[in-house]
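Just data_16.txt here, compact mmCIF, C-alpha atoms:
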```txt
# COMPACT_ATOMS: atom_id res chain seq x y z
CA MET A 1 -40.38 -73.80 154.49
CA ASP A 2 -39.45 -74.94 150.96
CA LEU A 3 -37.17 -77.91 150.46
CA PHE A 4 -35.49 -78.09 147.05
CA PHE A 5 -34.65 -81.71 146.28
CA SER A 6 -34.11 -84.40 143.66
CA PRO A 7 -35.78 -87.77 144.27
CA MET A 8 -33.87 -90.77 145.63
CA ALA A 9 -30.77 -88.75 146.48
CA SER A 10 -29.39 -87.80 149.90
CA CYS A 11 -32.34 -85.36 150.09
CA LEU A 12 -34.35 -88.40 151.16
CA ALA A 13 -32.98 -87.91 154.68
CA SER A 14 -34.65 -84.49 154.92
CA ARG A 15 -37.99 -85.96 153.79
CA ILE A 16 -37.77 -88.77 156.35
CA THR A 17 -36.90 -86.21 159.05
CA SER A 18 -39.85 -84.05 158.04
CA TYR A 19 -42.21 -87.04 158.33
CA GLU A 20 -40.71 -88.15 161.67
CA SER A 21 -40.85 -84.67 163.17
CA GLY A 22 -44.19 -83.57 161.76
CA ILE A 23 -42.52 -80.36 160.51
CA HIS A 24 -44.33 -79.44 157.31
CA LEU A 25 -42.12 -78.79 154.29
CA ASP A 26 -43.11 -77.77 150.79
CA PHE A 27 -41.08 -80.02 148.52
CA ILE A 28 -39.88 -78.44 145.28
CA GLU A 29 -38.40 -80.89 142.80
CA VAL A 30 -35.36 -79.82 140.78
CA GLU A 31 -34.82 -81.65 137.48
CA PRO A 32 -31.32 -83.19 137.74
CA VAL A 33 -30.34 -82.48 134.13
CA THR A 34 -32.05 -79.20 133.22
CA LYS A 35 -32.05 -77.79 136.82
CA GLN A 36 -35.58 -76.53 136.17
CA THR A 37 -38.09 -76.16 139.01
CA PRO A 38 -41.83 -76.80 138.45
CA GLY A 39 -42.38 -73.04 138.11
CA GLY A 40 -39.99 -73.09 135.10
CA ARG A 41 -37.28 -71.24 137.00
CA ASN A 42 -33.63 -72.27 136.71
CA TYR A 43 -32.49 -73.54 140.11
CA LEU A 44 -29.00 -72.10 139.52
CA GLU A 45 -30.57 -68.62 139.82
CA ILE A 46 -31.75 -69.59 143.31
CA SER A 47 -28.60 -71.49 144.38
CA PRO A 48 -25.49 -70.63 142.30
CA LEU A 49 -23.72 -73.89 143.18
CA GLY A 50 -26.84 -75.95 142.48
CA LEU A 51 -26.38 -77.82 145.76
CA LEU A 52 -29.20 -80.08 146.91
CA PRO A 53 -30.95 -80.40 149.26
CA ALA A 54 -31.56 -76.73 150.11
CA LEU A 55 -34.01 -75.47 152.71
CA ARG A 56 -35.43 -71.97 152.30
CA LEU A 57 -35.85 -70.74 155.88
CA HIS A 58 -38.61 -68.40 157.06
CA ASP A 59 -36.24 -65.40 156.78
CA GLY A 60 -35.45 -66.30 153.15
CA PHE A 61 -31.95 -67.65 153.84
CA LEU A 62 -31.16 -70.69 151.70
CA LEU A 63 -29.57 -73.36 153.88
CA THR A 64 -27.74 -76.05 151.88
CA GLY A 65 -26.35 -79.47 152.78
CA ASP A 66 -27.83 -82.52 154.47
CA TYR A 67 -26.08 -82.04 157.77
CA PRO A 68 -27.07 -78.36 158.34
CA ILE A 69 -30.66 -78.99 157.22
CA LEU A 70 -31.11 -82.07 159.39
CA GLN A 71 -29.77 -80.18 162.41
CA HIS A 72 -32.06 -77.24 161.70
CA LEU A 73 -35.07 -79.57 161.54
CA ALA A 74 -34.03 -81.40 164.71
CA ALA A 75 -33.54 -78.08 166.52
CA SER A 76 -37.03 -76.98 165.41
CA SER A 77 -38.74 -80.20 166.51
CA THR A 78 -40.57 -80.06 169.81
CA THR A 79 -42.84 -83.05 170.34
CA SER A 80 -42.20 -85.67 167.70
CA ASN A 81 -40.70 -89.08 166.98
CA LEU A 82 -37.43 -87.26 166.49
CA VAL A 83 -35.23 -86.71 169.51
CA PRO A 84 -34.67 -82.96 169.95
CA LEU A 85 -31.03 -81.98 169.70
CA ARG A 86 -30.79 -80.95 173.35
CA ASP A 87 -31.63 -84.50 174.47
CA LEU A 88 -28.92 -86.10 172.36
CA ASP A 89 -25.30 -86.81 173.00
CA LEU A 90 -24.18 -84.10 170.57
CA ASP A 91 -20.60 -85.33 170.33
CA ARG A 92 -21.71 -88.74 169.12
CA LEU A 93 -24.36 -87.24 166.84
CA HIS A 94 -21.82 -84.92 165.20
CA GLN A 95 -19.39 -87.78 164.83
CA TRP A 96 -21.93 -89.95 163.01
CA LEU A 97 -23.13 -87.15 160.75
CA PHE A 98 -19.54 -86.26 159.87
CA MET A 99 -18.50 -89.86 159.25
CA LEU A 100 -21.54 -90.62 157.09
CA GLY A 101 -21.18 -87.37 155.14
CA THR A 102 -17.46 -87.70 154.48
CA GLU A 103 -16.21 -91.28 154.77
CA LEU A 104 -19.29 -92.93 153.33
CA ARG A 105 -21.31 -90.58 151.16
CA HIS A 106 -18.62 -88.42 149.65
CA MET A 107 -15.98 -91.11 149.37
CA VAL A 108 -18.34 -93.64 147.81
CA SER A 109 -21.72 -92.51 146.56
CA VAL A 110 -20.47 -89.38 144.84
CA PRO A 111 -17.57 -90.93 142.87
CA LEU A 112 -19.55 -94.10 142.12
CA LEU A 113 -22.58 -92.22 140.85
CA ASP A 114 -20.47 -89.70 138.92
CA LYS A 115 -20.29 -91.09 135.40
CA LYS A 116 -17.53 -88.67 134.37
CA ALA A 117 -15.14 -89.91 137.09
CA ALA A 118 -11.87 -91.42 135.85
CA ASP A 119 -11.77 -95.21 135.31
CA GLY A 120 -10.60 -97.00 138.42
CA THR A 121 -12.02 -94.37 140.79
CA ALA A 122 -14.95 -96.55 141.84
CA THR A 123 -12.84 -99.59 142.68
CA HIS A 124 -10.26 -97.50 144.48
CA MET A 125 -12.91 -95.69 146.54
CA LEU A 126 -14.52 -99.00 147.51
CA ASP A 127 -11.24 -100.05 149.14
CA PHE A 128 -11.61 -97.11 151.52
CA VAL A 129 -15.13 -97.90 152.54
CA VAL A 130 -14.74 -101.55 153.53
CA ALA A 131 -13.15 -100.60 156.87
CA THR A 132 -15.87 -98.00 157.51
CA LEU A 133 -18.59 -100.57 156.78
CA ASP A 134 -16.84 -103.07 159.10
CA PHE A 135 -16.82 -100.42 161.83
CA LEU A 136 -20.47 -99.54 161.22
CA ASN A 137 -21.42 -103.22 161.30
CA ASP A 138 -19.69 -103.64 164.69
CA GLN A 139 -21.48 -100.58 166.07
CA LEU A 140 -24.89 -101.81 164.90
CA THR A 141 -24.46 -105.36 166.15
CA GLU A 142 -25.72 -104.60 169.62
CA ARG A 143 -27.97 -101.62 169.09
CA GLN A 144 -31.14 -100.70 167.24
CA PHE A 145 -30.05 -97.22 166.12
CA LEU A 146 -26.82 -95.22 165.84
CA LEU A 147 -27.64 -93.44 169.12
CA ASN A 148 -30.00 -94.49 171.90
CA ARG A 149 -33.07 -94.09 169.70
CA PHE A 150 -34.02 -92.91 166.22
CA SER A 151 -32.31 -89.63 165.36
CA ILE A 152 -31.37 -87.54 162.33
CA SER A 153 -28.19 -89.62 161.99
CA ASP A 154 -30.39 -92.66 161.23
CA ALA A 155 -32.35 -90.66 158.64
CA TYR A 156 -29.05 -89.73 157.04
CA LEU A 157 -27.62 -93.26 157.11
CA CYS A 158 -30.88 -94.51 155.60
CA SER A 159 -30.41 -92.22 152.60
CA VAL A 160 -26.81 -93.42 152.23
CA LEU A 161 -27.80 -97.11 152.40
CA ASN A 162 -30.61 -96.44 149.96
CA SER A 163 -27.96 -95.35 147.46
CA THR A 164 -25.90 -98.55 147.76
CA SER A 165 -28.08 -100.41 145.25
CA PRO A 166 -27.30 -98.21 142.19
CA THR A 167 -23.64 -98.10 143.24
CA GLY A 168 -23.48 -101.89 143.11
CA ILE A 169 -22.33 -102.31 146.72
CA ASP A 170 -23.51 -105.65 148.11
CA LEU A 171 -24.24 -105.30 151.84
CA SER A 172 -24.46 -109.04 152.59
CA PRO A 173 -20.92 -109.17 154.14
CA TRP A 174 -22.28 -106.78 156.81
CA PRO A 175 -25.34 -108.54 158.31
CA ALA A 176 -25.88 -106.05 161.16
CA ILE A 177 -26.11 -103.21 158.63
CA GLU A 178 -28.56 -105.22 156.52
CA ALA A 179 -30.72 -105.99 159.58
CA TYR A 180 -30.62 -102.32 160.63
CA TYR A 181 -31.68 -101.20 157.16
CA ASP A 182 -34.54 -103.73 157.17
CA ARG A 183 -35.72 -102.33 160.52
CA LEU A 184 -35.59 -98.77 159.16
CA LEU A 185 -37.62 -99.78 156.10
CA LYS A 186 -40.43 -100.86 158.44
CA ARG A 187 -40.82 -97.32 159.82
CA PRO A 188 -43.77 -95.54 158.17
CA SER A 189 -41.70 -92.37 157.69
CA VAL A 190 -39.04 -94.29 155.78
CA SER A 191 -41.25 -96.58 153.69
CA GLY A 192 -43.57 -93.65 152.89
CA ALA A 193 -40.71 -91.36 151.88
CA ILE A 194 -39.06 -94.00 149.67
CA ALA A 195 -42.37 -94.93 147.96
CA GLU A 196 -43.07 -91.27 147.17
CA GLU A 197 -39.57 -90.57 145.88
CA LEU A 198 -39.50 -93.72 143.77
CA ALA A 199 -42.74 -92.60 142.09
CA LEU A 200 -41.28 -89.12 141.54
CA ARG A 201 -38.12 -90.56 140.04
CA ASP A 202 -40.10 -92.84 137.73
CA ALA A 203 -42.14 -89.84 136.58
CA GLU A 204 -38.92 -87.88 136.03
CA LEU A 205 -37.43 -90.72 133.96
CA ALA A 206 -40.63 -90.92 131.90
CA ARG A 207 -40.49 -87.16 131.22
CA HIS A 208 -36.85 -87.50 130.23
CA ARG A 209 -37.59 -90.42 127.86
CA SER A 210 -40.48 -88.62 126.28
CA SER A 211 -38.39 -85.47 125.75
CA CYS A 212 -35.61 -87.59 124.15
CA GLU A 213 -38.14 -89.27 121.85
CA LEU A 214 -39.44 -85.85 120.82
CA SER A 215 -35.88 -84.74 120.01
CA LEU A 216 -35.20 -87.92 118.06
CA GLY A 217 -38.52 -87.43 116.23
CA GLY A 218 -37.17 -84.14 114.95
CA PHE A 219 -34.44 -86.04 113.10
CA ALA A 220 -36.84 -88.54 111.48
CA MET B 1 -7.65 -83.99 176.67
CA ASP B 2 -5.39 -85.77 174.16
CA LEU B 3 -5.48 -84.78 170.50
CA PHE B 4 -4.10 -87.38 168.10
CA PHE B 5 -2.87 -85.65 164.96
CA SER B 6 -0.49 -85.62 162.01
CA PRO B 7 1.28 -82.33 161.24
CA MET B 8 0.13 -80.01 158.44
CA ALA B 9 -3.10 -81.92 157.83
CA SER B 10 -6.68 -80.86 158.58
CA CYS B 11 -5.78 -81.45 162.26
CA LEU B 12 -4.21 -78.00 162.09
CA ALA B 13 -7.70 -76.54 162.59
CA SER B 14 -7.97 -78.20 166.01
CA ARG B 15 -4.59 -76.79 167.05
CA ILE B 16 -5.57 -73.27 165.95
CA THR B 17 -8.86 -73.63 167.85
CA SER B 18 -7.02 -74.80 170.95
CA TYR B 19 -4.73 -71.72 170.80
CA GLU B 20 -7.65 -69.34 170.12
CA SER B 21 -9.78 -70.77 172.92
CA GLY B 22 -7.06 -71.33 175.49
CA ILE B 23 -8.30 -74.89 175.96
CA HIS B 24 -5.22 -76.96 176.76
CA LEU B 25 -4.74 -80.07 174.65
CA ASP B 26 -2.01 -82.68 174.86
CA PHE B 27 -0.94 -83.23 171.26
CA ILE B 28 0.03 -86.80 170.38
CA GLU B 29 1.64 -87.18 166.96
CA VAL B 30 0.77 -90.22 164.87
CA GLU B 31 3.36 -91.22 162.24
CA PRO B 32 1.48 -91.17 158.92
CA VAL B 33 3.16 -94.29 157.49
CA THR B 34 3.76 -96.57 160.48
CA LYS B 35 0.78 -95.27 162.53
CA GLN B 36 3.04 -95.38 165.61
CA THR B 37 2.52 -92.98 168.51
CA PRO B 38 5.49 -91.63 170.56
CA GLY B 39 4.80 -94.29 173.23
CA GLY B 40 5.41 -96.97 170.57
CA ARG B 41 1.76 -97.94 170.44
CA ASN B 42 -0.01 -98.64 167.14
CA TYR B 43 -2.67 -95.97 166.64
CA LEU B 44 -4.94 -98.51 164.94
CA GLU B 45 -5.33 -100.20 168.33
CA ILE B 46 -6.69 -96.91 169.67
CA SER B 47 -8.79 -95.98 166.61
CA PRO B 48 -9.59 -98.96 164.33
CA LEU B 49 -10.23 -96.74 161.28
CA GLY B 50 -7.07 -94.70 161.92
CA LEU B 51 -9.02 -91.45 161.47
CA LEU B 52 -7.28 -88.20 162.39
CA PRO B 53 -7.72 -85.91 164.17
CA ALA B 54 -9.16 -87.70 167.21
CA LEU B 55 -9.86 -86.10 170.57
CA ARG B 56 -9.87 -88.32 173.67
CA LEU B 57 -12.51 -86.76 175.90
CA HIS B 58 -12.38 -86.71 179.70
CA ASP B 59 -14.68 -89.76 179.86
CA GLY B 60 -12.33 -91.71 177.56
CA PHE B 61 -14.57 -91.51 174.49
CA LEU B 62 -12.55 -91.03 171.29
CA LEU B 63 -14.19 -88.32 169.20
CA THR B 64 -13.04 -88.33 165.56
CA GLY B 65 -13.39 -85.85 162.69
CA ASP B 66 -12.61 -82.15 162.34
CA TYR B 67 -16.19 -80.98 162.48
CA PRO B 68 -17.20 -82.83 165.70
CA ILE B 69 -13.94 -81.91 167.46
CA LEU B 70 -14.14 -78.22 166.53
CA GLN B 71 -17.73 -78.07 167.76
CA HIS B 72 -16.77 -79.80 171.02
CA LEU B 73 -13.98 -77.28 171.61
CA ALA B 74 -16.25 -74.33 170.74
CA ALA B 75 -18.93 -75.66 173.09
CA SER B 76 -16.32 -75.94 175.87
CA SER B 77 -14.95 -72.44 175.38
CA THR B 78 -16.12 -69.81 177.83
CA THR B 79 -14.03 -66.66 177.71
CA SER B 80 -11.71 -66.72 174.73
CA ASN B 81 -11.03 -65.33 171.28
CA LEU B 82 -13.35 -67.99 169.98
CA VAL B 83 -17.05 -67.19 169.77
CA PRO B 84 -18.97 -69.70 171.90
CA LEU B 85 -21.42 -71.78 169.90
CA ARG B 86 -24.47 -70.24 171.59
CA ASP B 87 -23.52 -66.80 170.25
CA LEU B 88 -23.22 -67.91 166.65
CA ASP B 89 -25.72 -68.24 163.87
CA LEU B 90 -25.64 -72.04 164.03
CA ASP B 91 -27.31 -72.55 160.65
CA ARG B 92 -24.62 -70.58 158.86
CA LEU B 93 -21.86 -72.17 160.93
CA HIS B 94 -23.10 -75.68 160.10
CA GLN B 95 -23.41 -74.74 156.44
CA TRP B 96 -19.82 -73.54 156.26
CA LEU B 97 -18.40 -76.52 158.13
CA PHE B 98 -20.36 -78.90 155.91
CA MET B 99 -19.38 -77.15 152.69
CA LEU B 100 -15.69 -76.99 153.63
CA GLY B 101 -15.66 -80.60 154.82
CA THR B 102 -17.42 -82.04 151.79
CA GLU B 103 -17.22 -79.80 148.72
CA LEU B 104 -13.71 -78.52 149.37
CA ARG B 105 -11.72 -80.85 151.57
CA HIS B 106 -13.07 -84.22 150.57
CA MET B 107 -13.64 -83.41 146.91
CA VAL B 108 -10.20 -81.85 146.46
CA SER B 109 -7.59 -82.32 149.15
CA VAL B 110 -8.24 -86.01 149.71
CA PRO B 111 -8.14 -87.16 146.05
CA LEU B 112 -5.29 -84.76 145.18
CA LEU B 113 -3.15 -85.87 148.10
CA ASP B 114 -3.97 -89.55 147.60
CA LYS B 115 -1.17 -90.89 145.42
CA LYS B 116 -3.01 -94.15 144.73
CA ALA B 117 -5.99 -92.37 143.14
CA ALA B 118 -6.68 -93.19 139.50
CA ASP B 119 -5.08 -90.96 136.84
CA GLY B 120 -7.38 -88.11 135.89
CA THR B 121 -9.04 -87.96 139.33
CA ALA B 122 -7.21 -84.79 140.33
CA THR B 123 -8.10 -82.85 137.17
CA HIS B 124 -11.69 -84.03 137.29
CA MET B 125 -12.06 -83.06 140.96
CA LEU B 126 -10.61 -79.60 140.28
CA ASP B 127 -13.46 -78.94 137.84
CA PHE B 128 -15.89 -79.35 140.74
CA VAL B 129 -14.11 -76.98 143.04
CA VAL B 130 -13.83 -73.93 140.77
CA ALA B 131 -17.48 -73.01 141.34
CA THR B 132 -17.09 -73.49 145.10
CA LEU B 133 -14.00 -71.26 145.15
CA ASP B 134 -15.89 -68.62 143.10
CA PHE B 135 -18.71 -68.75 145.65
CA LEU B 136 -16.27 -68.52 148.57
CA ASN B 137 -14.49 -65.58 146.92
CA ASP B 138 -17.82 -63.73 146.56
CA GLN B 139 -18.68 -64.37 150.19
CA LEU B 140 -15.30 -63.12 151.42
CA THR B 141 -15.25 -59.99 149.27
CA GLU B 142 -17.14 -57.90 151.78
CA ARG B 143 -16.35 -59.55 155.07
CA GLN B 144 -13.37 -60.31 157.26
CA PHE B 145 -14.44 -63.79 158.35
CA LEU B 146 -16.95 -66.44 157.27
CA LEU B 147 -19.32 -65.31 160.05
CA ASN B 148 -19.43 -62.01 161.95
CA ARG B 149 -16.09 -62.66 163.61
CA PHE B 150 -13.43 -65.38 163.89
CA SER B 151 -15.03 -68.79 164.50
CA ILE B 152 -14.20 -72.49 164.18
CA SER B 153 -15.27 -72.31 160.52
CA ASP B 154 -12.32 -69.94 159.89
CA ALA B 155 -9.95 -72.32 161.69
CA TYR B 156 -11.23 -75.11 159.45
CA LEU B 157 -10.99 -73.09 156.23
CA CYS B 158 -7.46 -72.07 157.22
CA SER B 159 -6.43 -75.75 157.37
CA VAL B 160 -8.04 -76.35 153.96
CA LEU B 161 -6.30 -73.34 152.38
CA ASN B 162 -3.04 -74.43 153.97
CA SER B 163 -3.32 -77.66 151.99
CA THR B 164 -3.76 -75.94 148.61
CA SER B 165 -0.01 -75.52 148.15
CA PRO B 166 0.89 -79.26 148.00
CA THR B 167 -2.20 -79.89 145.86
CA GLY B 168 -0.93 -77.39 143.29
CA ILE B 169 -4.04 -75.19 143.39
CA ASP B 170 -3.14 -71.58 142.54
CA LEU B 171 -5.40 -69.21 144.49
CA SER B 172 -4.54 -66.06 142.52
CA PRO B 173 -7.79 -66.17 140.48
CA TRP B 174 -9.61 -65.69 143.81
CA PRO B 175 -8.15 -62.48 145.32
CA ALA B 176 -10.64 -62.22 148.19
CA ILE B 177 -9.67 -65.72 149.34
CA GLU B 178 -5.98 -64.84 149.10
CA ALA B 179 -6.50 -61.64 151.10
CA TYR B 180 -8.53 -63.54 153.71
CA TYR B 181 -5.81 -66.19 154.03
CA ASP B 182 -3.15 -63.45 154.44
CA ARG B 183 -5.23 -61.90 157.25
CA LEU B 184 -5.55 -65.28 158.97
CA LEU B 185 -1.79 -65.83 158.75
CA LYS B 186 -1.30 -62.66 160.81
CA ARG B 187 -3.20 -64.12 163.77
CA PRO B 188 -0.78 -65.42 166.42
CA SER B 189 -2.81 -68.62 166.85
CA VAL B 190 -2.52 -69.39 163.14
CA SER B 191 1.12 -68.40 162.55
CA GLY B 192 2.14 -70.16 165.76
CA ALA B 193 0.29 -73.36 164.90
CA ILE B 194 1.67 -73.48 161.35
CA ALA B 195 5.27 -72.82 162.51
CA GLU B 196 5.02 -75.63 165.05
CA GLU B 197 3.49 -78.10 162.64
CA LEU B 198 5.99 -77.28 159.90
CA ALA B 199 8.82 -78.05 162.34
CA LEU B 200 7.10 -81.29 163.33
CA ARG B 201 6.63 -82.30 159.72
CA ASP B 202 10.27 -81.54 158.89
CA ALA B 203 11.35 -83.69 161.85
CA GLU B 204 9.04 -86.46 160.67
CA LEU B 205 10.48 -86.31 157.14
CA ALA B 206 14.02 -86.41 158.57
CA ARG B 207 13.14 -89.51 160.64
CA HIS B 208 11.63 -91.11 157.54
CA ARG B 209 14.72 -90.34 155.42
CA SER B 210 17.05 -91.65 158.06
CA SER B 211 15.05 -94.88 158.41
CA CYS B 212 15.10 -95.32 154.59
CA GLU B 213 18.88 -94.79 154.56
CA LEU B 214 19.23 -97.41 157.26
CA SER B 215 17.17 -99.85 155.20
CA LEU B 216 19.16 -99.10 152.07
CA GLY B 217 22.36 -99.55 154.10
CA GLY B 218 21.25 -103.11 154.78
CA PHE B 219 21.43 -103.84 151.06
CA ALA B 220 24.90 -102.31 150.59
```
Here is a file; write its structure as structure tokens.
Amino acid sequence: MDLFFSPMASCLASRITSYESGIHLDFIEVEPVTKQTPGGRNYLEISPLGLLPALRLHDGFLLTGDYPILQHLAASSTTSNLVPLRDLDLDRLHQWLFMLGTELRHMVSVPLLDKKAADGTATHMLDFVVATLDFLNDQLTERQFLLNRFSISDAYLCSVLNSTSPTGIDLSPWPAIEAYYDRLLKRPSVSGAIAEELALRDAELARHRSSCELSLGGFA
Amino acid sequence: MDLFFSPMASCLASRITSYESGIHLDFIEVEPVTKQTPGGRNYLEISPLGLLPALRLHDGFLLTGDYPILQHLAASSTTSNLVPLRDLDLDRLHQWLFMLGTELRHMVSVPLLDKKAADGTATHMLDFVVATLDFLNDQLTERQFLLNRFSISDAYLCSVLNSTSPTGIDLSPWPAIEAYYDRLLKRPSVSGAIAEELALRDAELARHRSSCELSLGGFA
């Protein structure tokens, strides 16, 4: 299956899940600005809304969104480090995925990373998230993972926490979250995925710089 | 099971699902401003984040969020108007729930209804949603429901569309969405749920007015 992604975004959760589950994915990078894929095709022709990540299933259907993709991968996993969906408390899993996807990611990461957002949006959105981070910190104080053991909700939370650095959110007031994130970073799936995506993002930035220099050269 | 809710919010989807499935729920209204429940208890003591809707399960666990609650109800339904989860294309169901919950509801309804949001937020967020509404309109042009027949994703979309009126979004540029919404409004579960919640909201507004008049009276 093909996974369309951009490095160091929420797509990271799908990569971690692929590495944990052993499910092979072909990763196809989409340039954030030009929306070009390596084959030179415009991603908007493949996915009209340009949503990432997107998983092209075996029947050709393009499945978009972290939550649906993570659940598809978990449902496909048989023997792996990832708990199959049937062995999980689905209510609690759904609750975590929903809370991370709405209260945390979409209330914080999206507005904070969106440079066109109105002034004041970032500060206002941060007010919302303090209570959620307090709640998360309480939940993680006495447990290693969000559920009984590593699950797709941890892969998702990892991608959210990974985005706190560019958003300028300091996690030190929430020590249980910091300790949890440190534990996750020691997992080979997580450290491997982040190292790969960092390298891809650096390469992307270098391409972008070089293309800007070429454009500027045209004016010299 | 108890469902904590506020009238005419996204909680409406849980009420519609309850009526479609025949699963009995005890509805407990939470005052939006004071967070009081009819028993005089502060809802924040029950749910620290104050999230609504919340479903108190038989084992006492408080399940929060539209998406997890709707899935719990669908999983509990046996013979009803609601398609049981096992008979649905779960990938497509998850995709719709995710898209409605993130791209539509949280990108639009939440910022537009949030009076403390920075100026310009509403207009900026509307830009995002036009493409999503175009996509939704295309999808609904040749089908009656989001999936093969009425499902929890329709109940959820109904609650989102129901909130477009106070947000000032005019749906007339998307005729397939308008026609779909009109069809939904003809379902007894939907018209019944909306009529009940409208009456509850009017009663709530009347209580609020009367309490404001009492406060103002104190200054006279």
Neighbours of range 130-142 of chain A within 7 Å (only C-alpha atoms; same-chain residues fewer than 5 positions away dropped), as a compact mmCIF listing (two decimals) with C-alpha atoms, in the coordinates of the input?
```
# COMPACT_ATOMS: atom_id res chain seq x y z
CA TRP A 174 -22.28 -106.78 156.81
CA ALA A 176 -25.88 -106.05 161.16
CA ILE A 177 -26.11 -103.21 158.63
CA LEU B 49 -10.23 -96.74 161.28
```
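Residue nearest Leu70 in chain B, chosen from A:Glu196, A:Ser14, A:Phe98, A:Ser21 and counting all atoms listed in the file: A:Phe98.
Between CA of Ile152 in chain B and CA of Ala13 in chain B there is a distance of 7.8 Å.
Atom pair CA of Gln95 in chain B / CA of Ser47 in chain B: separated by 27.7 Å.
Minimum distance to His24 in chain A across A:Cys11, A:Leu55, A:Met99, A:Leu161 (counting all atoms listed in the file) occurs at A:Leu55.
Among A:Arg92, A:Arg41, A:Asn81, A:Glu103, the residue with the shortest atom-to-atom distance to Ile16 in chain A, counting only C-alpha atoms, is A:Asn81.
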Just the residues within 12 Å of Asp66 in chain A, please, counting only C-alpha atoms, with nothing from its chain fewer than 4 positions along; format it as a ChimeraX atom specification.
/A:3-5,9-17,51-55,70-73,97-98,100-102,105-106,152-153,155-157,159-160 /B:91,94-95,97-99,102
Selection from above, C-alpha atoms, as a PDB file, in the coordinates of the input, can you write it?
```pdb
ATOM      1  CA  LEU A   3     -37.170 -77.910 150.460  1.00  0.00           C
ATOM      2  CA  PHE A   4     -35.490 -78.090 147.050  1.00  0.00           C
ATOM      3  CA  PHE A   5     -34.650 -81.710 146.280  1.00  0.00           C
ATOM      4  CA  ALA A   9     -30.770 -88.750 146.480  1.00  0.00           C
ATOM      5  CA  SER A  10     -29.390 -87.800 149.900  1.00  0.00           C
ATOM      6  CA  CYS A  11     -32.340 -85.360 150.090  1.00  0.00           C
ATOM      7  CA  LEU A  12     -34.350 -88.400 151.160  1.00  0.00           C
ATOM      8  CA  ALA A  13     -32.980 -87.910 154.680  1.00  0.00           C
ATOM      9  CA  SER A  14     -34.650 -84.490 154.920  1.00  0.00           C
ATOM     10  CA  ARG A  15     -37.990 -85.960 153.790  1.00  0.00           C
ATOM     11  CA  ILE A  16     -37.770 -88.770 156.350  1.00  0.00           C
ATOM     12  CA  THR A  17     -36.900 -86.210 159.050  1.00  0.00           C
ATOM     13  CA  LEU A  51     -26.380 -77.820 145.760  1.00  0.00           C
ATOM     14  CA  LEU A  52     -29.200 -80.080 146.910  1.00  0.00           C
ATOM     15  CA  PRO A  53     -30.950 -80.400 149.260  1.00  0.00           C
ATOM     16  CA  ALA A  54     -31.560 -76.730 150.110  1.00  0.00           C
ATOM     17  CA  LEU A  55     -34.010 -75.470 152.710  1.00  0.00           C
ATOM     18  CA  LEU A  70     -31.110 -82.070 159.390  1.00  0.00           C
ATOM     19  CA  GLN A  71     -29.770 -80.180 162.410  1.00  0.00           C
ATOM     20  CA  HIS A  72     -32.060 -77.240 161.700  1.00  0.00           C
ATOM     21  CA  LEU A  73     -35.070 -79.570 161.540  1.00  0.00           C
ATOM     22  CA  LEU A  97     -23.130 -87.150 160.750  1.00  0.00           C
ATOM     23  CA  PHE A  98     -19.540 -86.260 159.870  1.00  0.00           C
ATOM     24  CA  LEU A 100     -21.540 -90.620 157.090  1.00  0.00           C
ATOM     25  CA  GLY A 101     -21.180 -87.370 155.140  1.00  0.00           C
ATOM     26  CA  THR A 102     -17.460 -87.700 154.480  1.00  0.00           C
ATOM     27  CA  ARG A 105     -21.310 -90.580 151.160  1.00  0.00           C
ATOM     28  CA  HIS A 106     -18.620 -88.420 149.650  1.00  0.00           C
ATOM     29  CA  ILE A 152     -31.370 -87.540 162.330  1.00  0.00           C
ATOM     30  CA  SER A 153     -28.190 -89.620 161.990  1.00  0.00           C
ATOM     31  CA  ALA A 155     -32.350 -90.660 158.640  1.00  0.00           C
ATOM     32  CA  TYR A 156     -29.050 -89.730 157.040  1.00  0.00           C
ATOM     33  CA  LEU A 157     -27.620 -93.260 157.110  1.00  0.00           C
ATOM     34  CA  SER A 159     -30.410 -92.220 152.600  1.00  0.00           C
ATOM     35  CA  VAL A 160     -26.810 -93.420 152.230  1.00  0.00           C
TER      36      VAL A 160
ATOM     37  CA  ASP B  91     -27.310 -72.550 160.650  1.00  0.00           C
ATOM     38  CA  HIS B  94     -23.100 -75.680 160.100  1.00  0.00           C
ATOM     39  CA  GLN B  95     -23.410 -74.740 156.440  1.00  0.00           C
ATOM     40  CA  LEU B  97     -18.400 -76.520 158.130  1.00  0.00           C
ATOM     41  CA  PHE B  98     -20.360 -78.900 155.910  1.00  0.00           C
ATOM     42  CA  MET B  99     -19.380 -77.150 152.690  1.00  0.00           C
ATOM     43  CA  THR B 102     -17.420 -82.040 151.790  1.00  0.00           C
TER      44      THR B 102
END
```
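Candidate residues A:Arg86, A:Ile46, A:Leu93, A:Gly39 were compared for distance to chain B, and the nearest is A:Leu93, using only C-alpha atoms.
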Skip Asp182 in chain B itself and residues of its chain fewer than 6 positions away, then list as a VMD selection string all residues within 12 Å of it, counting only C-alpha atoms.
chain B and resid 144 to 145 158 161 to 162 171 175 to 176 190 to 191
Selected residues written out, C-alpha atoms, as an mmCIF file, keeping the file's coordinate frame:
```
data_model
loop_
_atom_site.group_PDB
_atom_site.id
_atom_site.type_symbol
_atom_site.label_atom_id
_atom_site.label_comp_id
_atom_site.auth_asym_id
_atom_site.auth_seq_id
_atom_site.Cartn_x
_atom_site.Cartn_y
_atom_site.Cartn_z
ATOM 1 C CA GLN B 144 -13.370 -60.310 157.260
ATOM 2 C CA PHE B 145 -14.440 -63.790 158.350
ATOM 3 C CA CYS B 158 -7.460 -72.070 157.220
ATOM 4 C CA LEU B 161 -6.300 -73.340 152.380
ATOM 5 C CA ASN B 162 -3.040 -74.430 153.970
ATOM 6 C CA LEU B 171 -5.400 -69.210 144.490
ATOM 7 C CA PRO B 175 -8.150 -62.480 145.320
ATOM 8 C CA ALA B 176 -10.640 -62.220 148.190
ATOM 9 C CA VAL B 190 -2.520 -69.390 163.140
ATOM 10 C CA SER B 191 1.120 -68.400 162.550
#
```
